[in-house]
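Chemist: Here you go, this is query.cif (mmCIF, C-alpha atoms).
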```
data_my_file
#
loop_
_atom_site.label_atom_id
_atom_site.label_comp_id
_atom_site.auth_asym_id
_atom_site.auth_seq_id
_atom_site.Cartn_x
_atom_site.Cartn_y
_atom_site.Cartn_z
CA MET A 29 -29.03 116.52 69.61
CA THR A 30 -31.91 114.25 68.67
CA ASP A 31 -33.65 114.13 65.28
CA ALA A 32 -37.05 115.71 64.68
CA PHE A 33 -39.37 113.74 62.39
CA ILE A 34 -42.57 114.56 60.57
CA TYR A 35 -45.19 111.92 61.31
CA ASP A 36 -48.19 113.52 59.64
CA ALA A 37 -49.13 116.60 57.63
CA ALA A 38 -52.74 117.69 57.18
CA ARG A 39 -54.55 120.67 55.81
CA THR A 40 -58.04 121.87 55.05
CA PRO A 41 -59.06 122.72 51.51
CA ARG A 42 -58.63 126.42 50.83
CA GLY A 43 -61.86 128.40 50.53
CA LYS A 44 -62.36 131.66 48.69
CA GLY A 45 -61.46 134.33 51.21
CA ARG A 46 -64.55 136.45 50.83
CA PRO A 47 -68.12 136.48 52.23
CA ASP A 48 -69.44 134.16 49.50
CA GLY A 49 -66.67 131.62 50.12
CA SER A 50 -67.53 128.19 51.47
CA LEU A 51 -65.62 128.66 54.75
CA HIS A 52 -66.81 132.17 55.57
CA GLU A 53 -69.23 130.98 58.26
CA VAL A 54 -66.52 128.88 59.94
CA THR A 55 -64.55 130.73 62.61
CA SER A 56 -60.77 130.63 62.93
CA LEU A 57 -61.24 128.84 66.24
CA ALA A 58 -63.54 126.18 64.81
CA LEU A 59 -61.31 125.47 61.81
CA SER A 60 -58.22 125.23 63.99
CA ALA A 61 -59.89 122.93 66.52
CA ARG A 62 -61.21 120.63 63.80
CA LEU A 63 -57.76 120.28 62.30
CA LEU A 64 -56.20 119.53 65.69
CA ASN A 65 -58.83 116.84 66.18
CA ALA A 66 -58.09 115.43 62.74
CA VAL A 67 -54.38 115.08 63.55
CA LYS A 68 -55.21 113.45 66.87
CA ASP A 69 -57.68 111.01 65.30
CA ARG A 70 -55.65 110.22 62.17
CA ASN A 71 -52.74 109.14 64.33
CA GLY A 72 -54.61 107.50 67.19
CA LEU A 73 -53.17 109.87 69.77
CA GLU A 74 -54.28 110.35 73.34
CA GLY A 75 -55.36 113.87 74.19
CA ASN A 76 -52.19 114.58 76.15
CA ALA A 77 -49.71 113.08 73.67
CA VAL A 78 -47.97 116.26 72.56
CA GLU A 79 -46.01 118.85 74.51
CA ASP A 80 -47.54 121.94 72.89
CA VAL A 81 -49.46 123.34 69.95
CA ILE A 82 -47.59 126.09 68.09
CA TRP A 83 -49.92 127.92 65.74
CA GLY A 84 -49.04 130.56 63.17
CA ASN A 85 -51.42 133.41 62.46
CA VAL A 86 -50.75 136.81 60.89
CA THR A 87 -53.71 139.06 61.64
CA GLN A 88 -54.01 138.48 65.37
CA VAL A 89 -57.06 140.60 66.14
CA LYS A 90 -60.73 139.88 66.81
CA GLU A 91 -61.44 136.13 66.59
CA GLN A 92 -57.78 135.46 65.72
CA GLY A 93 -56.48 137.33 68.74
CA GLY A 94 -55.97 136.33 72.37
CA CYS A 95 -53.58 133.40 71.79
CA LEU A 96 -55.71 131.52 69.29
CA ALA A 97 -53.46 128.46 69.75
CA ARG A 98 -54.54 128.01 73.36
CA SER A 99 -58.17 128.68 72.48
CA ALA A 100 -57.98 126.03 69.75
CA VAL A 101 -56.61 123.48 72.20
CA LEU A 102 -59.45 124.16 74.62
CA ALA A 103 -62.02 123.92 71.80
CA SER A 104 -60.53 120.63 70.56
CA ASP A 105 -60.38 117.13 71.99
CA LEU A 106 -56.81 117.67 73.19
CA ASP A 107 -56.18 117.66 76.92
CA GLU A 108 -56.36 121.01 78.72
CA ARG A 109 -52.86 120.33 80.08
CA ILE A 110 -51.49 121.07 76.60
CA PRO A 111 -50.75 124.81 76.36
CA GLY A 112 -50.67 126.75 73.09
CA LEU A 113 -48.41 129.32 71.48
CA SER A 114 -49.50 131.73 68.73
CA ILE A 115 -46.70 133.18 66.61
CA ASN A 116 -46.49 135.70 63.80
CA ARG A 117 -43.73 135.82 61.21
CA PHE A 118 -46.13 137.15 58.60
CA CYS A 119 -46.38 134.82 55.59
CA ALA A 120 -43.94 132.31 57.09
CA SER A 121 -45.87 131.94 60.36
CA GLY A 122 -46.95 128.36 59.64
CA MET A 123 -43.42 127.39 58.63
CA GLU A 124 -41.91 129.11 61.65
CA ALA A 125 -44.31 127.17 63.89
CA VAL A 126 -43.05 123.91 62.35
CA ASN A 127 -39.41 124.99 62.57
CA LEU A 128 -39.77 126.09 66.17
CA ALA A 129 -41.42 122.80 67.13
CA ALA A 130 -38.72 120.82 65.33
CA ASN A 131 -35.94 122.70 67.07
CA GLN A 132 -37.65 122.22 70.45
CA VAL A 133 -37.74 118.48 69.80
CA LYS A 134 -34.10 118.46 68.69
CA ALA A 135 -33.13 120.25 71.90
CA GLY A 136 -35.04 117.80 74.08
CA ALA A 137 -37.81 120.19 75.13
CA GLY A 138 -40.63 117.71 74.67
CA SER A 139 -40.99 114.66 72.46
CA GLY A 140 -43.94 115.67 70.28
CA TYR A 141 -45.68 118.81 68.96
CA ILE A 142 -48.47 119.82 66.65
CA ALA A 143 -47.47 122.89 64.65
CA GLY A 144 -49.08 124.80 61.81
CA GLY A 145 -51.39 127.74 61.43
CA VAL A 146 -54.61 129.28 60.20
CA GLU A 147 -55.87 132.39 58.43
CA MET A 148 -59.53 133.22 57.84
CA MET A 149 -59.09 136.09 55.42
CA SER A 150 -62.80 136.38 54.69
CA ARG A 151 -63.51 136.96 58.38
CA VAL A 152 -60.43 138.88 59.56
CA PRO A 153 -59.26 141.05 56.65
CA MET A 154 -55.56 141.32 55.88
CA GLY A 155 -54.10 144.49 57.38
CA SER A 156 -56.90 144.98 59.92
CA ASP A 157 -54.36 144.78 62.75
CA GLY A 158 -52.93 148.19 61.80
CA ALA A 159 -49.30 147.08 61.59
CA ALA A 160 -46.81 149.76 62.62
CA ILE A 161 -44.57 149.23 59.60
CA ALA A 162 -47.41 150.39 57.37
CA VAL A 163 -49.12 153.06 59.47
CA ASP A 164 -46.52 154.58 61.82
CA PRO A 165 -44.72 157.34 59.87
CA SER A 166 -41.65 157.15 62.08
CA LEU A 167 -41.04 153.60 60.81
CA ALA A 168 -42.70 153.68 57.40
CA MET A 169 -40.61 156.64 56.26
CA LYS A 170 -37.39 155.20 57.67
CA THR A 171 -37.90 151.91 55.81
CA TYR A 172 -39.31 153.45 52.60
CA PHE A 173 -42.43 151.37 53.08
CA VAL A 174 -44.42 150.35 50.01
CA PRO A 175 -47.18 147.73 49.77
CA GLN A 176 -46.13 144.21 48.84
CA GLY A 177 -47.58 144.44 45.34
CA ILE A 178 -45.31 147.39 44.63
CA SER A 179 -42.40 145.38 46.05
CA ALA A 180 -43.20 142.53 43.65
CA ASP A 181 -43.25 144.98 40.75
CA ILE A 182 -39.87 146.35 41.90
CA ILE A 183 -38.45 142.81 41.73
CA ALA A 184 -39.84 142.40 38.22
CA THR A 185 -38.29 145.73 37.18
CA GLU A 186 -34.95 145.09 38.86
CA TYR A 187 -34.47 141.58 37.50
CA GLY A 188 -36.07 141.98 34.08
CA PHE A 189 -39.27 139.92 34.35
CA THR A 190 -42.05 140.82 31.90
CA ARG A 191 -45.81 140.62 32.20
CA GLU A 192 -45.69 137.64 29.82
CA ASP A 193 -43.12 135.87 32.03
CA ALA A 194 -45.38 136.31 35.05
CA ASP A 195 -48.52 135.25 33.21
CA LYS A 196 -46.87 132.11 31.84
CA LEU A 197 -45.86 131.09 35.35
CA ALA A 198 -49.38 131.79 36.63
CA LEU A 199 -50.91 129.69 33.87
CA GLU A 200 -48.50 126.86 34.66
CA SER A 201 -49.53 127.06 38.32
CA GLN A 202 -53.20 126.70 37.38
CA GLN A 203 -52.51 123.76 35.09
CA ARG A 204 -50.32 121.98 37.62
CA ALA A 205 -52.86 122.48 40.43
CA ALA A 206 -55.68 121.12 38.26
CA ARG A 207 -53.60 118.08 37.35
CA ALA A 208 -52.68 117.49 41.00
CA TRP A 209 -56.34 117.44 42.00
CA GLN A 210 -57.30 115.24 39.06
CA GLU A 211 -54.63 112.71 40.03
CA GLY A 212 -55.41 112.84 43.76
CA ARG A 213 -51.97 114.10 44.75
CA PHE A 214 -53.34 116.03 47.74
CA SER A 215 -55.52 113.19 49.02
CA ARG A 216 -53.23 112.11 51.86
CA SER A 217 -53.17 115.58 53.40
CA ILE A 218 -56.66 116.96 52.79
CA VAL A 219 -59.08 117.02 55.73
CA PRO A 220 -62.57 117.97 54.45
CA VAL A 221 -64.32 120.67 56.44
CA LYS A 222 -67.65 119.58 57.91
CA ASP A 223 -70.34 121.46 59.79
CA GLN A 224 -71.66 120.59 63.24
CA ASN A 225 -74.08 118.11 61.66
CA GLY A 226 -71.31 116.24 59.90
CA LEU A 227 -72.19 117.56 56.46
CA THR A 228 -69.25 118.42 54.23
CA ILE A 229 -68.80 122.13 53.60
CA LEU A 230 -65.66 121.95 51.49
CA ASP A 231 -63.52 119.05 50.32
CA ARG A 232 -61.54 120.71 47.55
CA ASP A 233 -59.57 123.93 47.00
CA GLU A 234 -62.19 126.30 45.62
CA TYR A 235 -60.04 129.25 44.54
CA MET A 236 -58.34 127.63 41.54
CA ARG A 237 -59.46 128.44 38.00
CA PRO A 238 -58.39 125.51 35.80
CA GLY A 239 -59.86 127.01 32.64
CA THR A 240 -57.51 130.01 32.76
CA THR A 241 -55.80 130.99 29.48
CA MET A 242 -53.08 133.46 28.57
CA GLU A 243 -55.77 135.52 26.87
CA ASP A 244 -57.74 135.68 30.12
CA LEU A 245 -54.69 136.83 32.05
CA ALA A 246 -53.80 139.44 29.43
CA LYS A 247 -57.15 141.15 30.04
CA LEU A 248 -56.48 141.79 33.72
CA LYS A 249 -55.53 145.29 34.82
CA PRO A 250 -52.24 145.68 36.75
CA ALA A 251 -53.37 145.72 40.36
CA PHE A 252 -50.77 148.11 41.77
CA LYS A 253 -50.29 150.60 38.93
CA ASP A 254 -52.66 153.25 40.27
CA MET A 255 -51.34 153.21 43.84
CA GLY A 256 -47.84 153.32 42.43
CA GLU A 257 -48.14 156.03 39.79
CA THR A 258 -50.91 158.26 41.11
CA MET A 259 -52.20 158.39 44.67
CA PRO A 260 -50.62 157.71 47.07
CA GLY A 261 -47.66 157.49 44.69
CA PHE A 262 -45.61 154.63 46.10
CA ASP A 263 -43.43 154.45 42.98
CA LYS A 264 -41.83 157.75 44.02
CA VAL A 265 -41.07 156.30 47.45
CA ALA A 266 -39.46 153.25 45.86
CA MET A 267 -37.34 155.35 43.52
CA LEU A 268 -36.05 157.40 46.44
CA LYS A 269 -34.66 154.11 47.77
CA TYR A 270 -33.57 152.83 44.34
CA PRO A 271 -32.61 155.92 42.29
CA HIS A 272 -31.13 153.76 39.51
CA LEU A 273 -34.67 152.79 38.50
CA ASP A 274 -36.24 155.17 35.98
CA ARG A 275 -39.70 153.72 36.56
CA ILE A 276 -41.48 150.72 38.05
CA GLU A 277 -42.94 148.20 35.62
CA HIS A 278 -46.32 147.14 36.99
CA ILE A 279 -46.80 143.55 35.82
CA HIS A 280 -48.72 141.94 38.69
CA HIS A 281 -52.47 141.50 38.82
CA ALA A 282 -55.05 139.19 40.40
CA GLY A 283 -54.08 136.32 38.11
CA ASN A 284 -50.34 136.23 38.77
CA SER A 285 -50.49 137.10 42.48
CA SER A 286 -51.49 134.86 45.38
CA GLY A 287 -55.17 134.39 46.12
CA ILE A 288 -56.89 135.64 49.28
CA VAL A 289 -58.31 132.50 50.90
CA ASP A 290 -59.28 130.79 54.15
CA GLY A 291 -57.44 127.70 55.37
CA ALA A 292 -55.47 125.86 58.03
CA ALA A 293 -52.67 123.30 58.16
CA ALA A 294 -50.97 121.18 60.82
CA VAL A 295 -47.83 119.05 61.03
CA LEU A 296 -47.21 116.38 63.67
CA ILE A 297 -43.56 116.48 64.76
CA GLY A 298 -41.73 114.28 67.22
CA ASN A 299 -38.58 112.42 68.07
CA GLU A 300 -37.99 108.71 67.47
CA GLU A 301 -39.31 107.76 70.91
CA PHE A 302 -42.55 109.65 70.25
CA GLY A 303 -43.17 107.57 67.16
CA LYS A 304 -42.42 104.30 68.91
CA ALA A 305 -44.64 105.20 71.87
CA HIS A 306 -47.62 105.88 69.59
CA GLY A 307 -47.01 103.26 66.92
CA LEU A 308 -46.21 105.81 64.22
CA LYS A 309 -43.76 105.57 61.35
CA PRO A 310 -41.80 108.74 60.54
CA ARG A 311 -42.25 110.11 57.03
CA ALA A 312 -39.42 112.63 56.96
CA ARG A 313 -36.64 114.14 59.01
CA ILE A 314 -36.43 117.91 59.37
CA ARG A 315 -32.82 118.37 58.30
CA ALA A 316 -32.44 122.11 58.67
CA THR A 317 -34.28 125.37 59.31
CA ALA A 318 -33.31 128.97 58.65
CA LYS A 319 -34.57 132.55 58.74
CA ILE A 320 -33.08 135.84 57.64
CA GLY A 321 -33.79 139.56 57.42
CA THR A 322 -33.65 141.41 54.08
CA ASP A 323 -34.25 144.83 52.53
CA PRO A 324 -37.68 145.95 53.85
CA THR A 325 -38.65 147.96 50.77
CA ILE A 326 -38.20 145.43 47.99
CA MET A 327 -39.23 143.12 50.82
CA LEU A 328 -39.93 139.86 48.95
CA THR A 329 -36.44 138.71 47.95
CA GLY A 330 -35.93 136.61 51.09
CA PRO A 331 -36.16 133.13 49.48
CA VAL A 332 -32.80 133.66 47.74
CA PRO A 333 -30.56 134.63 50.71
CA VAL A 334 -32.32 132.28 53.14
CA THR A 335 -31.80 129.40 50.73
CA GLU A 336 -28.13 130.33 50.44
CA LYS A 337 -27.96 130.41 54.24
CA ILE A 338 -29.70 127.08 54.89
CA LEU A 339 -27.59 125.32 52.27
CA ALA A 340 -24.35 126.77 53.67
CA ASP A 341 -25.35 125.91 57.23
CA SER A 342 -26.12 122.34 56.12
CA GLY A 343 -23.03 121.86 53.98
CA MET A 344 -25.23 121.29 50.94
CA SER A 345 -25.57 122.73 47.45
CA ILE A 346 -28.65 123.61 45.43
CA ASN A 347 -27.99 120.52 43.31
CA ASP A 348 -28.55 118.29 46.34
CA ILE A 349 -32.22 119.30 46.49
CA ASP A 350 -34.68 117.14 44.56
CA LEU A 351 -37.81 119.32 44.82
CA PHE A 352 -38.64 122.90 45.81
CA GLU A 353 -41.71 124.65 47.17
CA VAL A 354 -41.40 128.42 46.79
CA ASN A 355 -44.49 130.25 47.93
CA GLU A 356 -46.15 131.99 44.99
CA ALA A 357 -46.87 135.24 46.80
CA PHE A 358 -46.30 136.94 43.45
CA ALA A 359 -44.98 135.55 40.18
CA ALA A 360 -41.79 137.62 40.37
CA VAL A 361 -40.81 135.98 43.68
CA VAL A 362 -40.64 132.53 42.10
CA LEU A 363 -39.11 133.83 38.88
CA ARG A 364 -36.32 135.46 40.88
CA PHE A 365 -35.68 132.26 42.84
CA MET A 366 -35.36 130.19 39.67
CA GLN A 367 -33.19 132.85 38.05
CA ALA A 368 -30.85 133.10 41.05
CA PHE A 369 -30.23 129.37 41.35
CA GLN A 370 -30.78 128.28 37.74
CA VAL A 371 -32.99 125.45 38.97
CA ASP A 372 -35.09 123.29 36.68
CA PRO A 373 -38.64 124.76 36.65
CA GLY A 374 -39.89 121.18 36.60
CA LYS A 375 -38.68 120.80 40.20
CA VAL A 376 -40.37 123.94 41.55
CA ASN A 377 -44.00 123.94 42.75
CA VAL A 378 -44.82 120.87 40.69
CA ASN A 379 -48.42 120.81 41.96
CA GLY A 380 -49.09 124.49 41.52
CA GLY A 381 -48.98 127.11 44.23
CA ALA A 382 -50.64 130.11 45.78
CA MET A 383 -51.40 131.83 42.46
CA ALA A 384 -53.77 128.95 41.71
CA LEU A 385 -54.70 127.67 45.15
CA GLY A 386 -54.45 130.74 47.38
CA HIS A 387 -52.33 131.90 50.31
CA PRO A 388 -53.97 131.72 53.76
CA LEU A 389 -51.22 133.75 55.37
CA GLY A 390 -50.69 131.99 58.70
CA ALA A 391 -51.14 128.50 57.27
CA THR A 392 -49.19 128.55 54.00
CA GLY A 393 -45.78 127.74 55.47
CA ALA A 394 -47.13 124.51 56.95
CA ILE A 395 -49.12 123.77 53.80
CA ILE A 396 -46.10 123.85 51.51
CA ILE A 397 -44.09 121.60 53.86
CA GLY A 398 -46.88 119.03 53.68
CA THR A 399 -47.21 119.41 49.91
CA LEU A 400 -43.46 118.97 49.54
CA LEU A 401 -43.49 115.80 51.65
CA ASP A 402 -46.38 114.28 49.68
CA GLU A 403 -44.61 114.96 46.41
CA LEU A 404 -41.26 113.59 47.58
CA GLU A 405 -43.09 110.39 48.42
CA ARG A 406 -44.98 110.32 45.13
CA GLN A 407 -41.81 110.76 43.08
CA ASP A 408 -39.67 108.60 45.39
CA LYS A 409 -37.26 111.47 45.96
CA THR A 410 -35.25 112.25 49.07
CA LEU A 411 -34.57 115.95 49.76
CA GLY A 412 -36.91 118.90 49.53
CA LEU A 413 -36.61 122.61 50.33
CA ALA A 414 -39.55 124.87 51.16
CA THR A 415 -39.18 128.64 51.40
CA LEU A 416 -41.25 131.81 51.59
CA CYS A 417 -40.79 135.54 51.19
CA ILE A 418 -42.04 137.53 54.18
CA ALA A 419 -43.53 140.97 54.67
CA SER A 420 -41.21 143.74 55.93
CA GLY A 421 -38.20 141.95 54.46
CA MET A 422 -37.50 138.44 55.77
CA GLY A 423 -37.12 134.91 54.46
CA ALA A 424 -37.63 131.45 55.95
CA ALA A 425 -36.72 127.96 54.78
CA THR A 426 -36.96 124.32 55.79
CA ILE A 427 -35.16 121.28 54.35
CA ILE A 428 -36.82 117.89 54.84
CA GLU A 429 -35.45 114.42 54.09
CA ARG A 430 -37.62 111.38 53.49
CA VAL A 431 -36.89 108.44 55.75
#
```
Could you quickly redo this structure as structure tokens?
Modeler:
Amino acid sequence: MTDAFIYDAARTPRGKGRPDGSLHEVTSLALSARLLNAVKDRNGLEGNAVEDVIWGNVTQVKEQGGCLARSAVLASDLDERIPGLSINRFCASGMEAVNLAANQVKAGAGSGYIAGGVEMMSRVPMGSDGAAIAVDPSLAMKTYFVPQGISADIIATEYGFTREDADKLALESQQRAARAWQEGRFSRSIVPVKDQNGLTILDRDEYMRPGTTMEDLAKLKPAFKDMGETMPGFDKVAMLKYPHLDRIEHIHHAGNSSGIVDGAAAVLIGNEEFGKAHGLKPRARIRATAKIGTDPTIMLTGPVPVTEKILADSGMSINDIDLFEVNEAFAAVVLRFMQAFQVDPGKVNVNGGAMALGHPLGATGAIIIGTLLDELERQDKTLGLATLCIASGMGAATIIERV
């Protein structure tokens, strides 16, 4: 089996995912096509250089429906002979696109791919696809469905994380993200978004709030308390599943949860021959990939068992990993990961995460792989692990090795 290498990783800045956000007037198609063009141009590729474009996207309705990957190829400067595959593994869609492309390369099914994803949350609202797990009683009742915010609060309750613990992590994320931007740590990956006249719309993540303080966070109302304790009363559903819990501690709010944003990311993946054919130097080898299913009610614990799985499959230990990217869907997700593995917090999300920068659902998995690669290079480290929790109870992970 051949190796799969990362040759490039690019992303757009993340815009506020609401109508007054900088990217609101940019369609999912346009943002995707511009990023595909950027990867092509940055690497001097011919339009037919890659085998396929695999594109993650969660809310696949309206402008994000109809195999957006193929539409993006046709709207880009890539050759029409390149097909396109849209995939949805919820929050890990961008990572799954990368992993799928890497495993195709390893198996000999094509020498090069562009993989990543997009989510325009200001234009196609989260949940507007009417997912069965949330709205079909025959499934929702069977799985004791609760919204993800309630799941995050269950994790906090089950594993003993306080509101102060979560707020401290959120503040650290803001501070690290601000420092990363000040020091230009994202500069290699960022592709500014421009309009049709070539004028820059956005060249910097606009969701982050670098002036945040613990006092600011303390003023925020728990976001999921009302839906948990009153109507529709999801706490009661959770306690039917977990009768050992006397109550759910609601510690999550807008400041220690991931931000709703717009954004896209892409990773150029190929074998050794692909790099030689196009004059490219590999930046990292994709050492391993993994995915797993978990409890669908607590839902967001996947990073722990999928990390155990990917390490076991690779014959590695947690101590072999130099840096970690754990998607900050909610503070409790990252707190649980660090608790489970007793990892040094200084190795986890060193440039901030989704609490500060936002979480464009279909793109985040590819974003954190690129961020991890950039930071491995900056610190002259070797091995990195990226992982995400996933809606309905799943986890995904990728291990990369600098070369």
Chemist: Please return as an NGL selection string every residue within 12 Å of (-47.9, 150.9, 57.2), taking into account all atoms listed in the file and the file's own coordinates.
Modeler: :A and (155-176 or 262 or 324-325 or 419-420)
Chemist: So, counting all atoms listed in the file, which residue among A:Gln132, A:His52, A:Glu186, A:Gly43 is closest to Val152 in chain A?
Modeler: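 Closest residue, counting all atoms listed in the file: A:His52.
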Chemist: List the residues selected by the PyMOL selection byres ((chain A and resi 409) around 10) in the file shown, writing them as a PDB file with C-alpha atoms, keeping the file's coordinate frame.
Modeler:
```
ATOM      1  CA  ILE A 349     -32.220 119.300  46.490  1.00  0.00           C
ATOM      2  CA  ASP A 350     -34.680 117.140  44.560  1.00  0.00           C
ATOM      3  CA  LEU A 351     -37.810 119.320  44.820  1.00  0.00           C
ATOM      4  CA  LEU A 401     -43.490 115.800  51.650  1.00  0.00           C
ATOM      5  CA  GLU A 403     -44.610 114.960  46.410  1.00  0.00           C
ATOM      6  CA  LEU A 404     -41.260 113.590  47.580  1.00  0.00           C
ATOM      7  CA  GLU A 405     -43.090 110.390  48.420  1.00  0.00           C
ATOM      8  CA  ARG A 406     -44.980 110.320  45.130  1.00  0.00           C
ATOM      9  CA  GLN A 407     -41.810 110.760  43.080  1.00  0.00           C
ATOM     10  CA  ASP A 408     -39.670 108.600  45.390  1.00  0.00           C
ATOM     11  CA  THR A 410     -35.250 112.250  49.070  1.00  0.00           C
ATOM     12  CA  LEU A 411     -34.570 115.950  49.760  1.00  0.00           C
ATOM     13  CA  GLY A 412     -36.910 118.900  49.530  1.00  0.00           C
ATOM     14  CA  GLU A 429     -35.450 114.420  54.090  1.00  0.00           C
ATOM     15  CA  ARG A 430     -37.620 111.380  53.490  1.00  0.00           C
TER      16      ARG A 430
END
```
Chemist: Give me the residues near range 63-69 of chain A as number ranges by chain, where near means some atom within 8 Å (using all atoms listed in the file) and where sequence neighbours in that chain fewer than 5 positions away do not count.
Modeler: A: 36, 38-40, 74-75, 100-101, 104-106, 142, 219, 292-294, 296
Chemist: Using all atoms listed in the file, find the one residue out of A:Glu257, A:Asp290, A:Glu277, A:Asp263 that sits nearest to Ala184 in chain A.
Modeler: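 Going through A:Glu257, A:Asp290, A:Glu277, A:Asp263 one by one, the smallest distance to Ala184 in chain A is for A:Glu277.
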Chemist: Since fewer atoms than expected are present, regenerate N, CA, C and O atoms for range 302-313 of chain A and write them as an mmCIF file, in the frame of the given file.
Modeler:
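Final file, selection-v8.cif:
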```
data_model
loop_
_atom_site.group_PDB
_atom_site.id
_atom_site.type_symbol
_atom_site.label_atom_id
_atom_site.label_comp_id
_atom_site.auth_asym_id
_atom_site.auth_seq_id
_atom_site.Cartn_x
_atom_site.Cartn_y
_atom_site.Cartn_z
ATOM 1 N N PHE A 302 -41.146 109.275 70.391
ATOM 2 C CA PHE A 302 -42.550 109.650 70.250
ATOM 3 C C PHE A 302 -43.240 108.708 69.269
ATOM 4 O O PHE A 302 -44.348 108.214 69.522
ATOM 5 N N GLY A 303 -42.589 108.458 68.145
ATOM 6 C CA GLY A 303 -43.170 107.570 67.160
ATOM 7 C C GLY A 303 -43.351 106.158 67.694
ATOM 8 O O GLY A 303 -44.405 105.530 67.502
ATOM 9 N N LYS A 304 -42.334 105.657 68.363
ATOM 10 C CA LYS A 304 -42.420 104.300 68.910
ATOM 11 C C LYS A 304 -43.518 104.203 69.971
ATOM 12 O O LYS A 304 -44.255 103.204 70.030
ATOM 13 N N ALA A 305 -43.642 105.214 70.795
ATOM 14 C CA ALA A 305 -44.640 105.200 71.870
ATOM 15 C C ALA A 305 -46.065 105.179 71.326
ATOM 16 O O ALA A 305 -46.967 104.634 71.975
ATOM 17 N N HIS A 306 -46.261 105.762 70.141
ATOM 18 C CA HIS A 306 -47.620 105.880 69.590
ATOM 19 C C HIS A 306 -47.825 105.032 68.336
ATOM 20 O O HIS A 306 -48.851 105.165 67.662
ATOM 21 N N GLY A 307 -46.862 104.162 68.051
ATOM 22 C CA GLY A 307 -47.010 103.260 66.920
ATOM 23 C C GLY A 307 -47.018 103.960 65.575
ATOM 24 O O GLY A 307 -47.720 103.542 64.647
ATOM 25 N N LEU A 308 -46.233 105.005 65.446
ATOM 26 C CA LEU A 308 -46.210 105.810 64.220
ATOM 27 C C LEU A 308 -44.881 105.633 63.487
ATOM 28 O O LEU A 308 -43.831 105.523 64.119
ATOM 29 N N LYS A 309 -44.961 105.653 62.186
ATOM 30 C CA LYS A 309 -43.760 105.570 61.350
ATOM 31 C C LYS A 309 -43.408 106.958 60.835
ATOM 32 O O LYS A 309 -44.251 107.628 60.238
ATOM 33 N N PRO A 310 -42.174 107.404 61.037
ATOM 34 C CA PRO A 310 -41.800 108.740 60.540
ATOM 35 C C PRO A 310 -41.817 108.780 59.015
ATOM 36 O O PRO A 310 -41.454 107.803 58.347
ATOM 37 N N ARG A 311 -42.215 109.926 58.483
ATOM 38 C CA ARG A 311 -42.250 110.110 57.030
ATOM 39 C C ARG A 311 -41.047 110.916 56.549
ATOM 40 O O ARG A 311 -40.599 110.744 55.413
ATOM 41 N N ALA A 312 -40.559 111.804 57.363
ATOM 42 C CA ALA A 312 -39.420 112.630 56.960
ATOM 43 C C ALA A 312 -38.707 113.169 58.179
ATOM 44 O O ALA A 312 -39.294 113.303 59.256
ATOM 45 N N ARG A 313 -37.442 113.472 57.985
ATOM 46 C CA ARG A 313 -36.640 114.140 59.010
ATOM 47 C C ARG A 313 -36.509 115.613 58.643
ATOM 48 O O ARG A 313 -36.311 115.956 57.470
#
```
